[in-house]
>>> print(open('input14.cif').read())   # mmCIF, N, CA, C and O atoms
data_entry
loop_
_atom_site.label_atom_id
_atom_site.label_comp_id
_atom_site.auth_asym_id
_atom_site.auth_seq_id
_atom_site.Cartn_x
_atom_site.Cartn_y
_atom_site.Cartn_z
N MET A 1 10.63 -50.19 -20.59
CA MET A 1 11.55 -49.88 -19.52
C MET A 1 12.82 -49.28 -20.11
O MET A 1 13.37 -49.78 -21.07
N ALA A 2 13.27 -48.17 -19.56
CA ALA A 2 14.45 -47.48 -20.07
C ALA A 2 15.72 -48.19 -19.62
O ALA A 2 15.82 -48.61 -18.47
N GLN A 3 16.63 -48.32 -20.57
CA GLN A 3 17.91 -48.94 -20.22
C GLN A 3 18.86 -47.87 -19.71
O GLN A 3 18.88 -46.74 -20.20
N LEU A 4 19.62 -48.21 -18.72
CA LEU A 4 20.64 -47.30 -18.21
C LEU A 4 21.87 -47.44 -19.09
O LEU A 4 22.35 -48.55 -19.32
N SER A 5 22.33 -46.34 -19.60
CA SER A 5 23.53 -46.39 -20.43
C SER A 5 24.77 -46.33 -19.54
O SER A 5 24.79 -45.64 -18.54
N ALA A 6 25.76 -47.07 -19.96
CA ALA A 6 27.01 -47.08 -19.21
C ALA A 6 27.70 -45.74 -19.40
O ALA A 6 27.60 -45.12 -20.47
N PRO A 7 28.38 -45.25 -18.38
CA PRO A 7 29.09 -43.97 -18.54
C PRO A 7 30.19 -44.12 -19.58
O PRO A 7 30.80 -45.17 -19.72
N PHE A 8 30.41 -43.04 -20.33
CA PHE A 8 31.43 -43.06 -21.37
C PHE A 8 32.81 -43.12 -20.75
O PHE A 8 33.17 -42.28 -19.93
N LEU A 9 33.56 -44.12 -21.13
CA LEU A 9 34.93 -44.26 -20.65
C LEU A 9 35.87 -44.01 -21.82
O LEU A 9 35.81 -44.71 -22.84
N PRO A 10 36.71 -43.00 -21.72
CA PRO A 10 37.63 -42.73 -22.83
C PRO A 10 38.62 -43.88 -23.01
O PRO A 10 39.08 -44.48 -22.04
N ARG A 11 38.90 -44.19 -24.25
CA ARG A 11 39.82 -45.29 -24.56
C ARG A 11 41.25 -44.84 -24.32
O ARG A 11 41.62 -43.71 -24.64
N THR A 12 42.03 -45.72 -23.75
CA THR A 12 43.45 -45.44 -23.51
C THR A 12 44.29 -46.41 -24.32
O THR A 12 43.83 -47.48 -24.70
N ILE A 13 45.53 -46.00 -24.57
CA ILE A 13 46.45 -46.86 -25.31
C ILE A 13 47.76 -46.96 -24.53
O ILE A 13 48.16 -46.05 -23.82
N LYS A 14 48.40 -48.12 -24.69
CA LYS A 14 49.71 -48.34 -24.06
C LYS A 14 50.80 -48.00 -25.07
O LYS A 14 50.54 -47.67 -26.22
N LYS A 15 52.04 -48.08 -24.61
CA LYS A 15 53.18 -47.66 -25.42
C LYS A 15 53.30 -48.38 -26.77
O LYS A 15 53.57 -47.73 -27.78
N PRO A 16 53.09 -49.71 -26.86
CA PRO A 16 53.22 -50.34 -28.19
C PRO A 16 52.24 -49.77 -29.22
O PRO A 16 52.62 -49.55 -30.38
N GLU A 17 51.00 -49.49 -28.82
CA GLU A 17 50.04 -48.91 -29.75
C GLU A 17 50.40 -47.46 -30.07
O GLU A 17 50.23 -47.00 -31.19
N LEU A 18 50.90 -46.73 -29.07
CA LEU A 18 51.33 -45.36 -29.30
C LEU A 18 52.47 -45.32 -30.31
O LEU A 18 52.50 -44.47 -31.20
N ARG A 19 53.41 -46.25 -30.20
CA ARG A 19 54.54 -46.30 -31.14
C ARG A 19 54.08 -46.55 -32.57
O ARG A 19 54.70 -46.07 -33.52
N GLN A 20 52.99 -47.32 -32.75
CA GLN A 20 52.47 -47.56 -34.09
C GLN A 20 51.83 -46.29 -34.65
O GLN A 20 51.89 -46.04 -35.85
N MET A 21 51.22 -45.49 -33.79
CA MET A 21 50.55 -44.26 -34.24
C MET A 21 51.53 -43.11 -34.42
O MET A 21 51.40 -42.33 -35.35
N VAL A 22 52.51 -43.00 -33.52
CA VAL A 22 53.45 -41.88 -33.51
C VAL A 22 54.86 -42.45 -33.60
O VAL A 22 55.39 -42.94 -32.60
N PRO A 23 55.50 -42.42 -34.76
CA PRO A 23 56.82 -43.02 -34.91
C PRO A 23 57.95 -42.12 -34.40
O PRO A 23 58.83 -41.71 -35.15
N LEU A 24 57.90 -41.82 -33.12
CA LEU A 24 58.96 -41.02 -32.48
C LEU A 24 59.63 -41.87 -31.42
O LEU A 24 59.02 -42.79 -30.87
N ALA A 25 60.87 -41.54 -31.09
CA ALA A 25 61.59 -42.24 -30.04
C ALA A 25 60.95 -41.95 -28.68
O ALA A 25 60.32 -40.90 -28.48
N ASP A 26 61.10 -42.89 -27.76
CA ASP A 26 60.56 -42.70 -26.41
C ASP A 26 61.08 -41.43 -25.77
O ASP A 26 60.33 -40.70 -25.11
N SER A 27 62.37 -41.15 -25.95
CA SER A 27 62.95 -39.95 -25.34
C SER A 27 62.37 -38.68 -25.96
O SER A 27 62.15 -37.70 -25.25
N THR A 28 62.07 -38.70 -27.25
CA THR A 28 61.47 -37.53 -27.90
C THR A 28 60.06 -37.29 -27.37
O THR A 28 59.69 -36.15 -27.07
N ILE A 29 59.29 -38.36 -27.24
CA ILE A 29 57.93 -38.23 -26.69
C ILE A 29 57.99 -37.70 -25.27
O ILE A 29 57.24 -36.80 -24.91
N TRP A 30 58.90 -38.23 -24.46
CA TRP A 30 59.02 -37.79 -23.07
C TRP A 30 59.39 -36.31 -23.00
O TRP A 30 58.80 -35.56 -22.23
N GLU A 31 60.36 -35.89 -23.82
CA GLU A 31 60.77 -34.48 -23.82
C GLU A 31 59.63 -33.57 -24.27
O GLU A 31 59.42 -32.49 -23.71
N MET A 32 58.87 -34.01 -25.28
CA MET A 32 57.74 -33.21 -25.75
C MET A 32 56.65 -33.13 -24.68
O MET A 32 56.01 -32.09 -24.53
N GLU A 33 56.45 -34.20 -23.94
CA GLU A 33 55.49 -34.17 -22.83
C GLU A 33 55.93 -33.16 -21.77
O GLU A 33 55.10 -32.41 -21.25
N GLN A 34 57.21 -33.13 -21.46
CA GLN A 34 57.72 -32.21 -20.44
C GLN A 34 57.56 -30.76 -20.86
O GLN A 34 57.33 -29.88 -20.02
N ARG A 35 57.67 -30.49 -22.18
CA ARG A 35 57.51 -29.13 -22.69
C ARG A 35 56.04 -28.78 -22.95
O ARG A 35 55.73 -27.66 -23.34
N GLY A 36 55.13 -29.74 -22.78
CA GLY A 36 53.71 -29.50 -23.02
C GLY A 36 53.33 -29.55 -24.48
O GLY A 36 52.28 -29.04 -24.87
N GLU A 37 54.14 -30.21 -25.31
CA GLU A 37 53.89 -30.29 -26.75
C GLU A 37 53.26 -31.61 -27.17
O GLU A 37 53.00 -31.82 -28.35
N PHE A 38 53.02 -32.50 -26.23
CA PHE A 38 52.46 -33.82 -26.51
C PHE A 38 51.54 -34.19 -25.36
O PHE A 38 51.78 -33.78 -24.22
N PRO A 39 50.47 -34.95 -25.62
CA PRO A 39 49.57 -35.35 -24.53
C PRO A 39 50.33 -36.07 -23.41
O PRO A 39 51.22 -36.88 -23.67
N ARG A 40 49.96 -35.75 -22.18
CA ARG A 40 50.64 -36.34 -21.02
C ARG A 40 50.16 -37.77 -20.78
O ARG A 40 48.98 -38.08 -20.91
N ARG A 41 51.09 -38.62 -20.41
CA ARG A 41 50.76 -39.98 -19.99
C ARG A 41 50.23 -39.94 -18.57
O ARG A 41 50.45 -38.98 -17.85
N PHE A 42 49.56 -40.99 -18.17
CA PHE A 42 49.14 -41.09 -16.78
C PHE A 42 49.19 -42.55 -16.36
O PHE A 42 49.17 -43.46 -17.18
N LEU A 43 49.28 -42.75 -15.05
CA LEU A 43 49.38 -44.10 -14.50
C LEU A 43 47.98 -44.69 -14.35
O LEU A 43 47.12 -44.11 -13.69
N LEU A 44 47.78 -45.83 -14.96
CA LEU A 44 46.55 -46.58 -14.79
C LEU A 44 46.66 -47.44 -13.54
O LEU A 44 45.71 -47.55 -12.76
N THR A 45 47.82 -48.02 -13.35
CA THR A 45 48.19 -48.76 -12.15
C THR A 45 49.62 -48.32 -11.82
O THR A 45 50.23 -47.60 -12.60
N PRO A 46 50.17 -48.74 -10.71
CA PRO A 46 51.55 -48.32 -10.39
C PRO A 46 52.59 -48.71 -11.45
O PRO A 46 53.62 -48.07 -11.57
N ARG A 47 52.29 -49.72 -12.29
CA ARG A 47 53.26 -50.15 -13.29
C ARG A 47 52.74 -50.07 -14.72
O ARG A 47 53.36 -50.59 -15.63
N CYS A 48 51.60 -49.44 -14.94
CA CYS A 48 51.00 -49.36 -16.27
C CYS A 48 50.77 -47.91 -16.66
O CYS A 48 49.94 -47.22 -16.07
N VAL A 49 51.51 -47.45 -17.67
CA VAL A 49 51.40 -46.08 -18.17
C VAL A 49 50.58 -46.10 -19.44
O VAL A 49 50.79 -46.94 -20.32
N VAL A 50 49.61 -45.16 -19.58
CA VAL A 50 48.77 -45.09 -20.76
C VAL A 50 48.59 -43.64 -21.19
O VAL A 50 48.88 -42.71 -20.43
N TRP A 51 48.12 -43.46 -22.43
CA TRP A 51 47.78 -42.16 -22.98
C TRP A 51 46.31 -42.21 -23.40
O TRP A 51 45.79 -43.26 -23.77
N SER A 52 45.67 -41.08 -23.41
CA SER A 52 44.29 -40.99 -23.89
C SER A 52 44.32 -41.03 -25.41
O SER A 52 45.00 -40.22 -26.05
N LEU A 53 43.58 -41.97 -25.99
CA LEU A 53 43.56 -42.11 -27.45
C LEU A 53 43.00 -40.84 -28.10
O LEU A 53 43.53 -40.38 -29.11
N ALA A 54 41.97 -40.27 -27.52
CA ALA A 54 41.37 -39.06 -28.10
C ALA A 54 42.38 -37.90 -28.11
O ALA A 54 42.46 -37.15 -29.09
N GLU A 55 43.17 -37.76 -27.05
CA GLU A 55 44.17 -36.69 -27.00
C GLU A 55 45.27 -36.91 -28.03
O GLU A 55 45.72 -35.96 -28.69
N VAL A 56 45.72 -38.15 -28.20
CA VAL A 56 46.77 -38.45 -29.18
C VAL A 56 46.25 -38.21 -30.59
O VAL A 56 46.94 -37.62 -31.42
N GLU A 57 45.02 -38.64 -30.87
CA GLU A 57 44.45 -38.42 -32.20
C GLU A 57 44.26 -36.93 -32.47
O GLU A 57 44.50 -36.47 -33.59
N ALA A 58 43.84 -36.17 -31.47
CA ALA A 58 43.69 -34.72 -31.64
C ALA A 58 45.04 -34.07 -31.90
O ALA A 58 45.17 -33.16 -32.74
N TRP A 59 46.10 -34.54 -31.22
CA TRP A 59 47.45 -34.01 -31.42
C TRP A 59 47.91 -34.30 -32.85
O TRP A 59 48.47 -33.42 -33.52
N LEU A 60 47.66 -35.54 -33.33
CA LEU A 60 48.05 -35.89 -34.70
C LEU A 60 47.30 -35.04 -35.72
O LEU A 60 47.90 -34.57 -36.70
N GLU A 61 46.02 -34.82 -35.50
CA GLU A 61 45.23 -34.00 -36.43
C GLU A 61 45.74 -32.56 -36.44
O GLU A 61 45.85 -31.94 -37.51
N GLN A 62 46.09 -32.04 -35.28
CA GLN A 62 46.62 -30.68 -35.20
C GLN A 62 47.96 -30.59 -35.92
O GLN A 62 48.24 -29.62 -36.62
N ARG A 63 48.79 -31.63 -35.80
CA ARG A 63 50.08 -31.64 -36.50
C ARG A 63 49.88 -31.71 -38.01
O ARG A 63 50.66 -31.13 -38.77
N ARG A 64 48.85 -32.41 -38.46
CA ARG A 64 48.57 -32.48 -39.90
C ARG A 64 48.15 -31.12 -40.44
O ARG A 64 48.49 -30.76 -41.56
N ARG A 65 47.37 -30.38 -39.66
CA ARG A 65 46.85 -29.09 -40.12
C ARG A 65 47.91 -28.00 -40.11
O ARG A 65 47.89 -27.12 -40.96
N SER A 66 48.80 -28.00 -39.15
CA SER A 66 49.80 -26.94 -39.06
C SER A 66 51.14 -27.43 -39.60
O SER A 66 51.77 -28.30 -39.01
N PRO A 67 51.58 -26.89 -40.73
CA PRO A 67 52.85 -27.35 -41.31
C PRO A 67 54.04 -26.96 -40.43
O PRO A 67 54.03 -25.92 -39.78
N ILE A 68 55.01 -27.80 -40.43
CA ILE A 68 56.23 -27.59 -39.66
C ILE A 68 57.36 -27.33 -40.65
O ILE A 68 57.55 -28.11 -41.59
N THR A 69 58.08 -26.25 -40.45
CA THR A 69 59.18 -25.96 -41.36
C THR A 69 60.36 -26.87 -41.03
O THR A 69 60.69 -27.08 -39.86
N PRO A 70 60.97 -27.46 -42.04
CA PRO A 70 62.11 -28.34 -41.79
C PRO A 70 63.29 -27.57 -41.21
O PRO A 70 63.45 -26.37 -41.46
N ALA A 71 64.10 -28.28 -40.47
CA ALA A 71 65.29 -27.67 -39.88
C ALA A 71 66.30 -27.36 -40.98
O ALA A 71 66.40 -28.08 -41.98
N LYS A 72 67.04 -26.28 -40.79
CA LYS A 72 68.07 -25.91 -41.77
C LYS A 72 69.25 -26.87 -41.64
O LYS A 72 69.54 -27.38 -40.56
N ALA A 73 69.91 -27.08 -42.75
CA ALA A 73 71.10 -27.93 -42.74
C ALA A 73 72.20 -27.22 -41.96
O ALA A 73 72.36 -26.00 -42.07
N PRO A 74 72.96 -27.96 -41.17
CA PRO A 74 74.01 -27.31 -40.40
C PRO A 74 75.16 -26.84 -41.30
O PRO A 74 75.43 -27.44 -42.34
N ASN A 75 75.81 -25.77 -40.90
CA ASN A 75 76.97 -25.28 -41.64
C ASN A 75 78.18 -26.06 -41.12
O ASN A 75 78.69 -25.80 -40.04
N VAL A 76 78.63 -27.02 -41.90
CA VAL A 76 79.72 -27.89 -41.46
C VAL A 76 81.05 -27.14 -41.37
O VAL A 76 81.98 -27.61 -40.72
N ARG A 77 81.14 -26.01 -41.98
CA ARG A 77 82.38 -25.23 -41.91
C ARG A 77 82.57 -24.59 -40.55
O ARG A 77 83.65 -24.11 -40.24
N LEU A 78 81.53 -24.55 -39.72
CA LEU A 78 81.64 -23.97 -38.38
C LEU A 78 81.97 -25.01 -37.31
O LEU A 78 82.02 -24.69 -36.13
N ARG A 79 82.19 -26.26 -37.72
CA ARG A 79 82.50 -27.31 -36.75
C ARG A 79 83.81 -27.04 -36.05
O ARG A 79 84.76 -26.54 -36.64
N ARG A 80 83.88 -27.38 -34.78
CA ARG A 80 85.13 -27.21 -34.03
C ARG A 80 86.01 -28.44 -34.12
O ARG A 80 87.22 -28.35 -34.02
N THR A 81 85.39 -29.60 -34.28
CA THR A 81 86.17 -30.82 -34.45
C THR A 81 86.02 -31.29 -35.88
O THR A 81 84.99 -31.07 -36.51
N ARG A 82 87.03 -31.92 -36.40
CA ARG A 82 87.07 -32.40 -37.78
C ARG A 82 86.63 -31.33 -38.77
O ARG A 82 85.65 -31.49 -39.49
N PRO A 83 87.35 -30.21 -38.82
CA PRO A 83 86.94 -29.15 -39.75
C PRO A 83 87.04 -29.62 -41.20
O PRO A 83 87.84 -30.49 -41.54
N VAL A 84 86.26 -29.04 -42.05
CA VAL A 84 86.25 -29.37 -43.47
C VAL A 84 87.46 -28.71 -44.11
O VAL A 84 87.71 -27.52 -43.93
N ARG A 85 88.19 -29.51 -44.86
CA ARG A 85 89.37 -28.96 -45.54
C ARG A 85 88.95 -28.36 -46.87
O ARG A 85 88.06 -28.87 -47.55
N THR A 86 89.64 -27.33 -47.26
CA THR A 86 89.36 -26.73 -48.56
C THR A 86 90.23 -27.45 -49.59
O THR A 86 91.35 -27.86 -49.30
N ARG A 87 89.69 -27.58 -50.79
CA ARG A 87 90.43 -28.25 -51.85
C ARG A 87 91.49 -27.31 -52.41
O ARG A 87 91.24 -26.13 -52.60
N THR A 88 92.63 -27.86 -52.71
CA THR A 88 93.68 -27.08 -53.34
C THR A 88 93.95 -27.65 -54.74
O THR A 88 93.56 -28.76 -55.07
N ASN A 89 94.63 -26.89 -55.54
CA ASN A 89 94.93 -27.35 -56.90
C ASN A 89 95.85 -28.56 -56.89
O ASN A 89 95.81 -29.38 -57.78
N ASP A 90 96.71 -28.68 -55.85
CA ASP A 90 97.63 -29.82 -55.77
C ASP A 90 96.84 -31.12 -55.63
O ASP A 90 97.22 -32.13 -56.21
N THR A 91 95.80 -31.10 -54.86
CA THR A 91 95.01 -32.31 -54.62
C THR A 91 94.28 -32.72 -55.91
O THR A 91 94.21 -33.89 -56.23
N CYS A 92 93.75 -31.75 -56.61
CA CYS A 92 92.99 -32.06 -57.84
C CYS A 92 93.89 -32.60 -58.95
O CYS A 92 93.48 -33.44 -59.71
N SER A 93 95.14 -32.12 -59.05
CA SER A 93 96.01 -32.57 -60.13
C SER A 93 96.49 -34.00 -59.90
O SER A 93 96.85 -34.68 -60.85
N ALA A 94 96.48 -34.46 -58.66
CA ALA A 94 96.93 -35.81 -58.38
C ALA A 94 95.92 -36.84 -58.83
O ALA A 94 96.24 -38.00 -59.02
N LEU A 95 94.66 -36.44 -59.03
CA LEU A 95 93.63 -37.38 -59.44
C LEU A 95 93.73 -37.60 -60.87
O LEU A 95 93.78 -38.06 -61.74
#
>>> encode(input="input14.cif", output="structure tokens")
Amino acid sequence: MAQLSAPFLPRTIKKPELRQMVPLADSTIWEMEQRGEFPRRFLLTPRCVVWSLAEVEAWLEQRRRSPITPAKAPNVRLRRTRPVRTRTNDTCSAL
């Protein structure tokens, strides 16, 4: 007699498990979701938000394959508040 196989149900994860997999702030994840750069969350119940584990793992694998260039250091001399002072010879001789 043939057994009926259960339909495949994709595994979902809640926020604590997502935080262990993706060490980003909640606000960063939310902003990336809004821009379409991170898998979208969905409501399992009115008070339970989950992500698809397969989508998160695929996103992580894609991030591993495509290198991200680091952000350039800011030019602190262009700051409008607390500008950087230039050293003068008077300051150096006092040391």
>>> select_by_dssp(input="input14.cif", residues="segment 10-73 of chain A", states="helix (DSSP H, G or I)", output="ChimeraX atom specification")
/A:15-21,26-35,53-65
>>> resolve_selection(input="input14.cif", expression="the PyMOL selection byres ((chain A and resi 23-39) around 7)", output="PyMOL selection string")
chain A and resi 18-22+40-41+51-52+55-56+59
>>> write_last_selection(input="input14.cif", atoms="N, CA, C and O atoms", output="PDB file, in the coordinates of the input")
ATOM      1  N   LEU A  18      50.900 -46.730 -29.070  1.00  0.00           N
ATOM      2  CA  LEU A  18      51.330 -45.360 -29.300  1.00  0.00           C
ATOM      3  C   LEU A  18      52.470 -45.320 -30.310  1.00  0.00           C
ATOM      4  O   LEU A  18      52.500 -44.470 -31.200  1.00  0.00           O
ATOM      5  N   ARG A  19      53.410 -46.250 -30.200  1.00  0.00           N
ATOM      6  CA  ARG A  19      54.540 -46.300 -31.140  1.00  0.00           C
ATOM      7  C   ARG A  19      54.080 -46.550 -32.570  1.00  0.00           C
ATOM      8  O   ARG A  19      54.700 -46.070 -33.520  1.00  0.00           O
ATOM      9  N   GLN A  20      52.990 -47.320 -32.750  1.00  0.00           N
ATOM     10  CA  GLN A  20      52.470 -47.560 -34.090  1.00  0.00           C
ATOM     11  C   GLN A  20      51.830 -46.290 -34.650  1.00  0.00           C
ATOM     12  O   GLN A  20      51.890 -46.040 -35.850  1.00  0.00           O
ATOM     13  N   MET A  21      51.220 -45.490 -33.790  1.00  0.00           N
ATOM     14  CA  MET A  21      50.550 -44.260 -34.240  1.00  0.00           C
ATOM     15  C   MET A  21      51.530 -43.110 -34.420  1.00  0.00           C
ATOM     16  O   MET A  21      51.400 -42.330 -35.350  1.00  0.00           O
ATOM     17  N   VAL A  22      52.510 -43.000 -33.520  1.00  0.00           N
ATOM     18  CA  VAL A  22      53.450 -41.880 -33.510  1.00  0.00           C
ATOM     19  C   VAL A  22      54.860 -42.450 -33.600  1.00  0.00           C
ATOM     20  O   VAL A  22      55.390 -42.940 -32.600  1.00  0.00           O
ATOM     21  N   ARG A  40      49.960 -35.750 -22.180  1.00  0.00           N
ATOM     22  CA  ARG A  40      50.640 -36.340 -21.020  1.00  0.00           C
ATOM     23  C   ARG A  40      50.160 -37.770 -20.780  1.00  0.00           C
ATOM     24  O   ARG A  40      48.980 -38.080 -20.910  1.00  0.00           O
ATOM     25  N   ARG A  41      51.090 -38.620 -20.410  1.00  0.00           N
ATOM     26  CA  ARG A  41      50.760 -39.980 -19.990  1.00  0.00           C
ATOM     27  C   ARG A  41      50.230 -39.940 -18.570  1.00  0.00           C
ATOM     28  O   ARG A  41      50.450 -38.980 -17.850  1.00  0.00           O
ATOM     29  N   TRP A  51      48.120 -43.460 -22.430  1.00  0.00           N
ATOM     30  CA  TRP A  51      47.780 -42.160 -22.980  1.00  0.00           C
ATOM     31  C   TRP A  51      46.310 -42.210 -23.400  1.00  0.00           C
ATOM     32  O   TRP A  51      45.790 -43.260 -23.770  1.00  0.00           O
ATOM     33  N   SER A  52      45.670 -41.080 -23.410  1.00  0.00           N
ATOM     34  CA  SER A  52      44.290 -40.990 -23.890  1.00  0.00           C
ATOM     35  C   SER A  52      44.320 -41.030 -25.410  1.00  0.00           C
ATOM     36  O   SER A  52      45.000 -40.220 -26.050  1.00  0.00           O
ATOM     37  N   GLU A  55      43.170 -37.760 -27.050  1.00  0.00           N
ATOM     38  CA  GLU A  55      44.170 -36.690 -27.000  1.00  0.00           C
ATOM     39  C   GLU A  55      45.270 -36.910 -28.030  1.00  0.00           C
ATOM     40  O   GLU A  55      45.720 -35.960 -28.690  1.00  0.00           O
ATOM     41  N   VAL A  56      45.720 -38.150 -28.200  1.00  0.00           N
ATOM     42  CA  VAL A  56      46.770 -38.450 -29.180  1.00  0.00           C
ATOM     43  C   VAL A  56      46.250 -38.210 -30.590  1.00  0.00           C
ATOM     44  O   VAL A  56      46.940 -37.620 -31.420  1.00  0.00           O
ATOM     45  N   TRP A  59      46.100 -34.540 -31.220  1.00  0.00           N
ATOM     46  CA  TRP A  59      47.450 -34.010 -31.420  1.00  0.00           C
ATOM     47  C   TRP A  59      47.910 -34.300 -32.850  1.00  0.00           C
ATOM     48  O   TRP A  59      48.470 -33.420 -33.520  1.00  0.00           O
TER      49      TRP A  59
END
>>> axis_aligned_box(input="input14.cif", around="segment 24-42 of chain A", padding_each_side="5 Å", output="lines of an AutoDock Vina configuration file")
center_x = 56.0
center_y = -35.6
center_z = -24.7
size_x = 24.0
size_y = 25.8
size_z = 26.8
>>> atom_distance(input="input14.cif", atom1="atom CA of Leu9 of chain A", atom2="atom N of Ala54 of chain A")
10.6 Å
>>> residues_around(input="input14.cif", residues="Val49 of chain A", least_positions_apart="2", cutoff="4.5 Å", atoms="all atoms listed in the file", output="short mmCIF file (atom, residue, chain, number, x, y, z; two decimals) with N, CA, C and O atoms, in the frame of the given file")
data_model
loop_
_atom_site.label_atom_id
_atom_site.label_comp_id
_atom_site.auth_asym_id
_atom_site.auth_seq_id
_atom_site.Cartn_x
_atom_site.Cartn_y
_atom_site.Cartn_z
N ILE A 13 45.53 -46.00 -24.57
CA ILE A 13 46.45 -46.86 -25.31
C ILE A 13 47.76 -46.96 -24.53
O ILE A 13 48.16 -46.05 -23.82
N LYS A 14 48.40 -48.12 -24.69
CA LYS A 14 49.71 -48.34 -24.06
C LYS A 14 50.80 -48.00 -25.07
O LYS A 14 50.54 -47.67 -26.22
N PHE A 42 49.56 -40.99 -18.17
CA PHE A 42 49.14 -41.09 -16.78
C PHE A 42 49.19 -42.55 -16.36
O PHE A 42 49.17 -43.46 -17.18
N ARG A 47 52.29 -49.72 -12.29
CA ARG A 47 53.26 -50.15 -13.29
C ARG A 47 52.74 -50.07 -14.72
O ARG A 47 53.36 -50.59 -15.63
#
>>> atom_distance(input="input14.cif", atom1="atom CA of Ala58 of chain A", atom2="atom N of Arg11 of chain A")
12.9 Å
>>> closest_residue(input="input14.cif", among="A:Arg65, A:Arg80, A:Lys72, A:Thr12", to="Val50 of chain A", atoms="all atoms listed in the file")
A:Thr12
>>> atom_distance(input="input14.cif", atom1="atom CA of Glu17 of chain A", atom2="atom CA of Leu53 of chain A")
9.7 Å
>>> select_by_dssp(input="input14.cif", residues="chain A", states="strand (DSSP E or B)", output="ChimeraX atom specification")
/A:12-13,42-45,48-52
